[in-house]
Structure formats: C-alpha cells, structure tokens
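Quick look at entry.txt (compact mmCIF, N, CA and C atoms):
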# COMPACT_ATOMS: atom_id res chain seq x y z
N MET A 155 120.29 62.52 85.98
CA MET A 155 120.66 63.89 86.24
C MET A 155 121.54 63.93 87.49
N SER A 156 122.73 64.39 87.32
CA SER A 156 123.67 64.37 88.43
C SER A 156 123.65 65.66 89.21
N GLU A 157 124.16 66.70 88.66
CA GLU A 157 124.31 67.95 89.38
C GLU A 157 123.08 68.84 89.21
N ARG A 158 122.85 69.68 90.22
CA ARG A 158 121.75 70.63 90.18
C ARG A 158 122.31 72.03 89.91
N TYR A 159 121.63 72.76 89.05
CA TYR A 159 122.04 74.10 88.68
C TYR A 159 120.90 75.08 88.97
N LEU A 160 121.24 76.19 89.57
CA LEU A 160 120.28 77.27 89.78
C LEU A 160 120.67 78.41 88.86
N LEU A 161 119.73 78.84 88.03
CA LEU A 161 120.02 79.86 87.03
C LEU A 161 119.64 81.24 87.55
N ASP A 162 120.60 82.15 87.51
CA ASP A 162 120.37 83.55 87.82
C ASP A 162 119.62 84.18 86.64
N THR A 163 119.03 85.32 86.88
CA THR A 163 118.32 86.05 85.83
C THR A 163 119.21 86.28 84.62
N SER A 164 120.48 86.60 84.86
CA SER A 164 121.40 86.85 83.75
C SER A 164 121.59 85.61 82.89
N ALA A 165 121.56 84.44 83.48
CA ALA A 165 121.67 83.19 82.71
C ALA A 165 120.42 82.97 81.85
N LEU A 166 119.26 83.27 82.42
CA LEU A 166 118.02 83.15 81.64
C LEU A 166 118.03 84.11 80.46
N LEU A 167 118.44 85.34 80.70
CA LEU A 167 118.49 86.33 79.62
C LEU A 167 119.54 85.96 78.58
N THR A 168 120.64 85.35 79.02
CA THR A 168 121.66 84.88 78.08
C THR A 168 121.06 83.89 77.08
N LEU A 169 120.26 82.96 77.59
CA LEU A 169 119.63 81.98 76.72
C LEU A 169 118.58 82.64 75.82
N ILE A 170 117.70 83.41 76.41
CA ILE A 170 116.60 84.02 75.67
C ILE A 170 117.11 84.96 74.58
N GLU A 171 118.16 85.73 74.90
CA GLU A 171 118.68 86.71 73.95
C GLU A 171 119.84 86.17 73.11
N ASP A 172 120.11 84.88 73.25
CA ASP A 172 121.15 84.19 72.48
C ASP A 172 122.50 84.92 72.57
N GLU A 173 122.87 85.26 73.80
CA GLU A 173 124.15 85.89 74.06
C GLU A 173 125.24 84.82 74.18
N GLN A 174 126.49 85.29 74.28
CA GLN A 174 127.60 84.37 74.49
C GLN A 174 127.36 83.61 75.79
N GLY A 175 127.41 82.28 75.73
CA GLY A 175 127.11 81.43 76.88
C GLY A 175 125.77 80.74 76.77
N ALA A 176 124.96 81.10 75.76
CA ALA A 176 123.62 80.52 75.59
C ALA A 176 123.68 79.01 75.41
N GLN A 177 124.68 78.53 74.67
CA GLN A 177 124.80 77.08 74.45
C GLN A 177 125.04 76.34 75.77
N ARG A 178 125.81 76.93 76.66
CA ARG A 178 126.06 76.31 77.97
C ARG A 178 124.76 76.21 78.77
N VAL A 179 123.95 77.25 78.76
CA VAL A 179 122.67 77.23 79.48
C VAL A 179 121.76 76.18 78.86
N GLU A 180 121.75 76.09 77.55
CA GLU A 180 120.95 75.08 76.85
C GLU A 180 121.38 73.67 77.27
N THR A 181 122.68 73.44 77.34
CA THR A 181 123.21 72.14 77.76
C THR A 181 122.80 71.82 79.19
N ILE A 182 122.84 72.81 80.05
CA ILE A 182 122.41 72.60 81.45
C ILE A 182 120.95 72.18 81.48
N PHE A 183 120.10 72.86 80.72
CA PHE A 183 118.68 72.49 80.67
C PHE A 183 118.49 71.05 80.18
N ARG A 184 119.27 70.63 79.20
CA ARG A 184 119.11 69.30 78.63
C ARG A 184 119.61 68.18 79.54
N ASN A 185 120.66 68.46 80.32
CA ASN A 185 121.35 67.37 81.00
C ASN A 185 121.31 67.39 82.52
N HIS A 186 120.73 68.40 83.12
CA HIS A 186 120.79 68.52 84.58
C HIS A 186 119.46 69.01 85.15
N ALA A 187 119.33 68.87 86.45
CA ALA A 187 118.19 69.45 87.16
C ALA A 187 118.41 70.96 87.23
N VAL A 188 117.40 71.72 86.83
CA VAL A 188 117.49 73.18 86.80
C VAL A 188 116.50 73.76 87.81
N LEU A 189 116.99 74.71 88.60
CA LEU A 189 116.18 75.40 89.59
C LEU A 189 116.13 76.88 89.26
N ILE A 190 114.97 77.49 89.44
CA ILE A 190 114.81 78.92 89.20
C ILE A 190 113.97 79.50 90.34
N PRO A 191 114.56 80.38 91.15
CA PRO A 191 113.77 80.99 92.23
C PRO A 191 112.86 82.10 91.71
N TRP A 192 111.80 82.34 92.46
CA TRP A 192 110.80 83.34 92.08
C TRP A 192 111.41 84.71 91.81
N VAL A 193 112.46 85.06 92.54
CA VAL A 193 113.04 86.39 92.36
C VAL A 193 113.62 86.55 90.95
N CYS A 194 114.10 85.46 90.35
CA CYS A 194 114.60 85.52 88.97
C CYS A 194 113.46 85.77 87.98
N LEU A 195 112.31 85.15 88.24
CA LEU A 195 111.15 85.39 87.38
C LEU A 195 110.70 86.84 87.49
N THR A 196 110.76 87.38 88.70
CA THR A 196 110.40 88.79 88.90
C THR A 196 111.34 89.69 88.11
N GLU A 197 112.65 89.45 88.26
CA GLU A 197 113.63 90.26 87.54
C GLU A 197 113.48 90.11 86.03
N LEU A 198 113.29 88.87 85.57
CA LEU A 198 113.14 88.63 84.14
C LEU A 198 111.97 89.44 83.59
N HIS A 199 110.87 89.45 84.32
CA HIS A 199 109.68 90.15 83.84
C HIS A 199 109.88 91.67 83.83
N TYR A 200 110.41 92.22 84.91
CA TYR A 200 110.52 93.69 84.92
C TYR A 200 111.63 94.18 84.00
N ILE A 201 112.74 93.45 83.90
CA ILE A 201 113.81 93.85 82.98
C ILE A 201 113.30 93.79 81.54
N SER A 202 112.55 92.74 81.22
CA SER A 202 112.00 92.61 79.86
C SER A 202 111.01 93.73 79.56
N GLN A 203 110.21 94.11 80.55
CA GLN A 203 109.29 95.24 80.34
C GLN A 203 110.07 96.52 80.08
N GLN A 204 111.14 96.74 80.85
CA GLN A 204 111.94 97.96 80.70
C GLN A 204 112.65 98.01 79.35
N GLU A 205 113.17 96.86 78.92
CA GLU A 205 113.96 96.82 77.68
C GLU A 205 113.11 96.66 76.43
N THR A 206 111.93 96.07 76.57
CA THR A 206 111.07 95.86 75.39
C THR A 206 109.67 96.39 75.72
N ASP A 207 108.75 95.47 76.04
CA ASP A 207 107.40 95.87 76.40
C ASP A 207 106.73 94.75 77.19
N LEU A 208 105.51 95.00 77.65
CA LEU A 208 104.79 94.04 78.49
C LEU A 208 104.53 92.73 77.75
N ALA A 209 104.18 92.80 76.48
CA ALA A 209 103.91 91.59 75.72
C ALA A 209 105.14 90.68 75.66
N GLU A 210 106.31 91.27 75.42
CA GLU A 210 107.54 90.48 75.37
C GLU A 210 107.87 89.93 76.76
N ALA A 211 107.65 90.72 77.79
CA ALA A 211 107.89 90.26 79.16
C ALA A 211 107.01 89.05 79.47
N ASN A 212 105.77 89.13 79.09
CA ASN A 212 104.85 88.00 79.32
C ASN A 212 105.27 86.77 78.53
N LYS A 213 105.73 86.98 77.31
CA LYS A 213 106.19 85.88 76.45
C LYS A 213 107.41 85.18 77.08
N ARG A 214 108.37 85.97 77.55
CA ARG A 214 109.57 85.41 78.16
C ARG A 214 109.23 84.66 79.45
N TYR A 215 108.33 85.23 80.25
CA TYR A 215 107.89 84.59 81.48
C TYR A 215 107.25 83.23 81.16
N ALA A 216 106.37 83.20 80.18
CA ALA A 216 105.71 81.96 79.78
C ALA A 216 106.71 80.94 79.26
N LEU A 217 107.71 81.42 78.53
CA LEU A 217 108.75 80.53 78.01
C LEU A 217 109.48 79.82 79.15
N VAL A 218 109.88 80.57 80.16
CA VAL A 218 110.58 79.97 81.30
C VAL A 218 109.66 79.02 82.06
N ARG A 219 108.40 79.42 82.23
CA ARG A 219 107.44 78.56 82.94
C ARG A 219 107.23 77.23 82.20
N ALA A 220 107.41 77.23 80.88
CA ALA A 220 107.19 76.02 80.08
C ALA A 220 108.38 75.07 80.08
N THR A 221 109.50 75.47 80.66
CA THR A 221 110.67 74.60 80.69
C THR A 221 110.49 73.51 81.74
N ASN A 222 111.47 72.62 81.81
CA ASN A 222 111.45 71.55 82.80
C ASN A 222 112.06 71.97 84.13
N ALA A 223 112.32 73.25 84.30
CA ALA A 223 112.94 73.74 85.53
C ALA A 223 111.98 73.62 86.71
N THR A 224 112.55 73.40 87.88
CA THR A 224 111.78 73.44 89.12
C THR A 224 111.77 74.89 89.58
N LEU A 225 110.58 75.44 89.74
CA LEU A 225 110.45 76.83 90.19
C LEU A 225 110.36 76.84 91.71
N LEU A 226 111.16 77.69 92.31
CA LEU A 226 111.21 77.79 93.77
C LEU A 226 110.40 79.01 94.19
N TRP A 227 109.20 78.76 94.71
CA TRP A 227 108.26 79.83 95.01
C TRP A 227 108.34 80.33 96.44
N GLU A 228 108.98 79.58 97.34
CA GLU A 228 108.97 79.96 98.75
C GLU A 228 110.38 80.07 99.31
N ALA A 229 110.56 81.06 100.16
CA ALA A 229 111.82 81.22 100.88
C ALA A 229 111.55 80.90 102.35
N ASN A 230 112.38 80.06 102.92
CA ASN A 230 112.23 79.73 104.34
C ASN A 230 113.16 80.60 105.18
N GLU A 231 113.15 80.37 106.48
CA GLU A 231 113.97 81.18 107.38
C GLU A 231 115.46 81.03 107.09
N SER A 232 115.88 79.84 106.74
CA SER A 232 117.29 79.62 106.43
C SER A 232 117.73 80.46 105.23
N ILE A 233 116.89 80.50 104.20
CA ILE A 233 117.21 81.32 103.02
C ILE A 233 117.25 82.79 103.40
N LEU A 234 116.29 83.22 104.19
CA LEU A 234 116.25 84.61 104.64
C LEU A 234 117.53 84.99 105.37
N LEU A 235 117.94 84.16 106.32
CA LEU A 235 119.13 84.47 107.12
C LEU A 235 120.41 84.39 106.31
N THR A 236 120.48 83.43 105.39
CA THR A 236 121.66 83.33 104.52
C THR A 236 121.74 84.56 103.60
N ALA A 237 120.61 84.95 103.03
CA ALA A 237 120.59 86.14 102.16
C ALA A 237 120.99 87.38 102.95
N ALA A 238 120.49 87.50 104.17
CA ALA A 238 120.84 88.65 105.01
C ALA A 238 122.33 88.69 105.29
N SER A 239 122.92 87.53 105.54
CA SER A 239 124.35 87.46 105.80
C SER A 239 125.15 87.84 104.56
N TYR A 240 124.77 87.31 103.40
CA TYR A 240 125.45 87.66 102.16
C TYR A 240 125.35 89.16 101.89
N LYS A 241 124.18 89.72 102.10
CA LYS A 241 123.96 91.15 101.85
C LYS A 241 124.76 92.01 102.83
N ALA A 242 124.83 91.59 104.08
CA ALA A 242 125.55 92.35 105.10
C ALA A 242 127.06 92.37 104.86
N LYS A 243 127.59 91.25 104.36
CA LYS A 243 129.04 91.11 104.23
C LYS A 243 129.60 91.46 102.86
N HIS A 244 128.74 91.54 101.85
CA HIS A 244 129.22 91.74 100.48
C HIS A 244 128.38 92.80 99.77
N ARG A 245 128.93 93.36 98.73
CA ARG A 245 128.21 94.37 97.95
C ARG A 245 127.34 93.67 96.91
N LEU A 246 126.24 93.10 97.39
CA LEU A 246 125.28 92.41 96.52
C LEU A 246 123.95 93.14 96.58
N SER A 247 123.21 93.09 95.49
CA SER A 247 121.84 93.58 95.54
C SER A 247 121.03 92.60 96.39
N LEU A 248 119.88 93.02 96.87
CA LEU A 248 119.03 92.12 97.65
C LEU A 248 118.61 90.93 96.80
N ALA A 249 118.27 91.17 95.53
CA ALA A 249 117.87 90.07 94.65
C ALA A 249 119.01 89.05 94.51
N ASP A 250 120.23 89.53 94.29
CA ASP A 250 121.37 88.61 94.14
C ASP A 250 121.66 87.87 95.44
N ALA A 251 121.50 88.52 96.57
CA ALA A 251 121.69 87.85 97.86
C ALA A 251 120.66 86.74 98.04
N LEU A 252 119.42 87.00 97.66
CA LEU A 252 118.37 85.97 97.75
C LEU A 252 118.66 84.81 96.79
N ILE A 253 119.03 85.13 95.57
CA ILE A 253 119.32 84.08 94.58
C ILE A 253 120.48 83.21 95.06
N ALA A 254 121.53 83.83 95.58
CA ALA A 254 122.67 83.07 96.11
C ALA A 254 122.24 82.21 97.31
N ALA A 255 121.37 82.73 98.14
CA ALA A 255 120.89 81.97 99.29
C ALA A 255 120.07 80.76 98.85
N PHE A 256 119.26 80.92 97.82
CA PHE A 256 118.52 79.77 97.27
C PHE A 256 119.50 78.72 96.76
N ALA A 257 120.55 79.14 96.05
CA ALA A 257 121.55 78.18 95.54
C ALA A 257 122.24 77.46 96.69
N THR A 258 122.57 78.19 97.74
CA THR A 258 123.20 77.59 98.91
C THR A 258 122.28 76.56 99.55
N GLU A 259 121.05 76.94 99.77
CA GLU A 259 120.05 76.06 100.41
C GLU A 259 119.83 74.79 99.59
N GLN A 260 119.81 74.93 98.28
CA GLN A 260 119.55 73.80 97.38
C GLN A 260 120.81 73.01 97.03
N ARG A 261 121.96 73.47 97.51
CA ARG A 261 123.25 72.86 97.17
C ARG A 261 123.40 72.74 95.66
N ALA A 262 123.10 73.84 95.00
CA ALA A 262 123.13 73.88 93.54
C ALA A 262 124.24 74.84 93.09
N THR A 263 124.74 74.60 91.90
CA THR A 263 125.71 75.50 91.29
C THR A 263 124.95 76.69 90.71
N LEU A 264 125.35 77.88 91.10
CA LEU A 264 124.72 79.11 90.63
C LEU A 264 125.37 79.55 89.32
N VAL A 265 124.58 79.54 88.25
CA VAL A 265 125.05 79.92 86.92
C VAL A 265 124.63 81.36 86.69
N HIS A 266 125.60 82.18 86.30
CA HIS A 266 125.35 83.62 86.24
C HIS A 266 126.27 84.31 85.25
N LYS A 267 125.97 85.59 85.04
CA LYS A 267 126.79 86.47 84.22
C LYS A 267 126.95 87.80 84.97
N ASP A 268 127.13 87.69 86.28
CA ASP A 268 127.13 88.87 87.15
C ASP A 268 128.37 88.87 88.04
N PRO A 269 129.31 89.78 87.80
CA PRO A 269 130.55 89.81 88.58
C PRO A 269 130.34 90.01 90.09
N GLU A 270 129.18 90.54 90.50
CA GLU A 270 128.90 90.70 91.93
C GLU A 270 129.03 89.38 92.69
N TYR A 271 128.68 88.29 92.06
CA TYR A 271 128.71 86.98 92.73
C TYR A 271 130.12 86.52 93.07
N GLU A 272 131.13 87.05 92.39
CA GLU A 272 132.50 86.61 92.65
C GLU A 272 132.90 86.82 94.11
N ALA A 273 132.25 87.75 94.79
CA ALA A 273 132.52 87.97 96.22
C ALA A 273 132.16 86.75 97.06
N LEU A 274 131.33 85.86 96.51
CA LEU A 274 130.89 84.68 97.24
C LEU A 274 131.68 83.42 96.88
N ALA A 275 132.72 83.56 96.06
CA ALA A 275 133.55 82.40 95.69
C ALA A 275 134.05 81.73 96.96
N GLY A 276 133.94 80.42 96.98
CA GLY A 276 134.35 79.65 98.15
C GLY A 276 133.23 79.42 99.14
N GLN A 277 132.13 80.18 99.01
CA GLN A 277 131.00 80.00 99.91
C GLN A 277 129.88 79.18 99.28
N LEU A 278 129.85 79.13 97.95
CA LEU A 278 128.91 78.29 97.23
C LEU A 278 129.50 78.00 95.86
N ASN A 279 128.93 77.05 95.16
CA ASN A 279 129.42 76.70 93.83
C ASN A 279 128.92 77.72 92.83
N LEU A 280 129.85 78.28 92.06
CA LEU A 280 129.53 79.29 91.06
C LEU A 280 130.03 78.85 89.69
N GLU A 281 129.26 79.15 88.68
CA GLU A 281 129.72 78.98 87.28
C GLU A 281 129.40 80.25 86.54
N ALA A 282 130.44 80.98 86.19
CA ALA A 282 130.26 82.25 85.48
C ALA A 282 130.19 81.98 83.98
N LEU A 283 129.18 82.55 83.35
CA LEU A 283 129.10 82.58 81.90
C LEU A 283 129.98 83.75 81.43
N PRO A 284 130.31 83.82 80.15
CA PRO A 284 131.14 84.94 79.70
C PRO A 284 130.47 86.28 80.00
N TYR A 285 131.21 87.14 80.69
CA TYR A 285 130.68 88.46 81.02
C TYR A 285 130.57 89.31 79.78
N LYS A 286 129.62 90.24 79.80
CA LYS A 286 129.48 91.19 78.68
C LYS A 286 130.68 92.13 78.70
N THR A 287 131.15 92.50 77.51
CA THR A 287 132.30 93.41 77.45
C THR A 287 131.86 94.80 77.04
The structure given in the file should be rewritten as structure tokens.
Amino acid sequence: MSERYLLDTSALLTLIEDEQGAQRVETIFRNHAVLIPWVCLTELHYISQQETDLAEANKRYALVRATNATLLWEANESILLTAASYKAKHRLSLADALIAAFATEQRATLVHKDPEYEALAGQLNLEALPYKT
C-alpha cells in the first residue's frame, strides 16, 4: 500500500449510494490505506437518518465500521489548530475544516465530492470525485 487516502463523508456516500465516482472509491479501498475520521461517521449517520431512517443509518455505519479503513477517533491539538485556521481563512463548515485537518495531519489525500474543499487547493492533497449536477 503506497498512498494514504482520507475519505470525506461525500466519498463514503458516493460508494454506498453507487453514485458517479463509486468505482474510484472502491479502487481506493482495495489498493490503498484508507482513513476515516470520526466526524465523517457522525455526518454519515445523521445524514442517513435525515434522508432515510435510523435503521438505514445504523446499517451504513456498520458497513463502514466493517471495512479495512483505519478509523480516527481522536483529534489532537495540531488538528484543532489546523482546523481552526482553515475555518478562519476559508468558507468551510466546521466538519469540513476538521476533516481537512485530519487529512493534513495524516499526510493523506482527501477524497471528496464537495466544492468547498477547492479553497484548500495547494494546502493539502485533494482528489475530487465527480460533483453532482
């Protein structure tokens, strides 16, 4: 496994909902180290509850937990300060600032389907999946 990839919530949903870009996420899971921060699991669960129901949210959460991904459960001071800096300088949600900070800390490529991250181009490695039209 050469490169490390950190999957944003949008990348997880792309795979689960078989959206455009799902094959790329599948390939990343098969061939690379995958990281998922706790904030993505939180977003996955609440978005799934809002769009479907609690049972589906629990199913999706269990599905992600069953993968070979490394789950990042703790944020250190460096992640906190990096997220604060990203949030202060760019129009990012707090969740996206935290996710980007985890990717920066882990020196991982952030895989996403969220145009908000484009503001961070040049500050960390980004791989955009096809945006929804």
Problem - Among listed residues A:Leu283, A:Ala187, A:Ala238, A:Leu248, nearest Leu169 in chain A (using only C-alpha atoms) - result: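 Among the listed residues, the smallest separation from Leu169 in chain A belongs to A:Leu283.
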Exercise for the section: Assign secondary structure with DSSP using the backbone only, and return the residues of chain A in alpha helix (DSSP H) as a ChimeraX atom specification. Expected result: /A:163-170,176-185,192-205,208-219,231-243,248-260
Problem - Residue nearest Leu246 in chain A among A:Pro269, A:Ala229, A:Thr258, A:Thr263 (counting only C-alpha atoms) - result: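 The shortest atom-to-atom distance to Leu246 in chain A comes from A:Pro269.
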Problem - For Tyr159 in chain A, the nearest of the candidates A:Ser239, A:Asp268, A:Ile182, A:Glu171, counting only N, CA and C atoms - result: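 When distances to Tyr159 in chain A are compared using only N, CA and C atoms, the smallest one comes from A:Ile182.
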Exercise for the section: Would you please work out which residue, of A:Leu167, A:Ala176, A:Leu189, A:Leu274, is nearest to Ala262 in chain A when using all atoms listed in the file? Expected result: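 Closest residue, counting all atoms listed in the file: A:Leu189.
Atom N of Phe256 in chain A is positioned 13.1 Å from atom C of Tyr271 in chain A.
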Practice task
Would you mind reading off the distance between CA of His244 in chain A and CA of Ser202 in chain A, one decimal, in Å?
Solution key: 26.9 Å
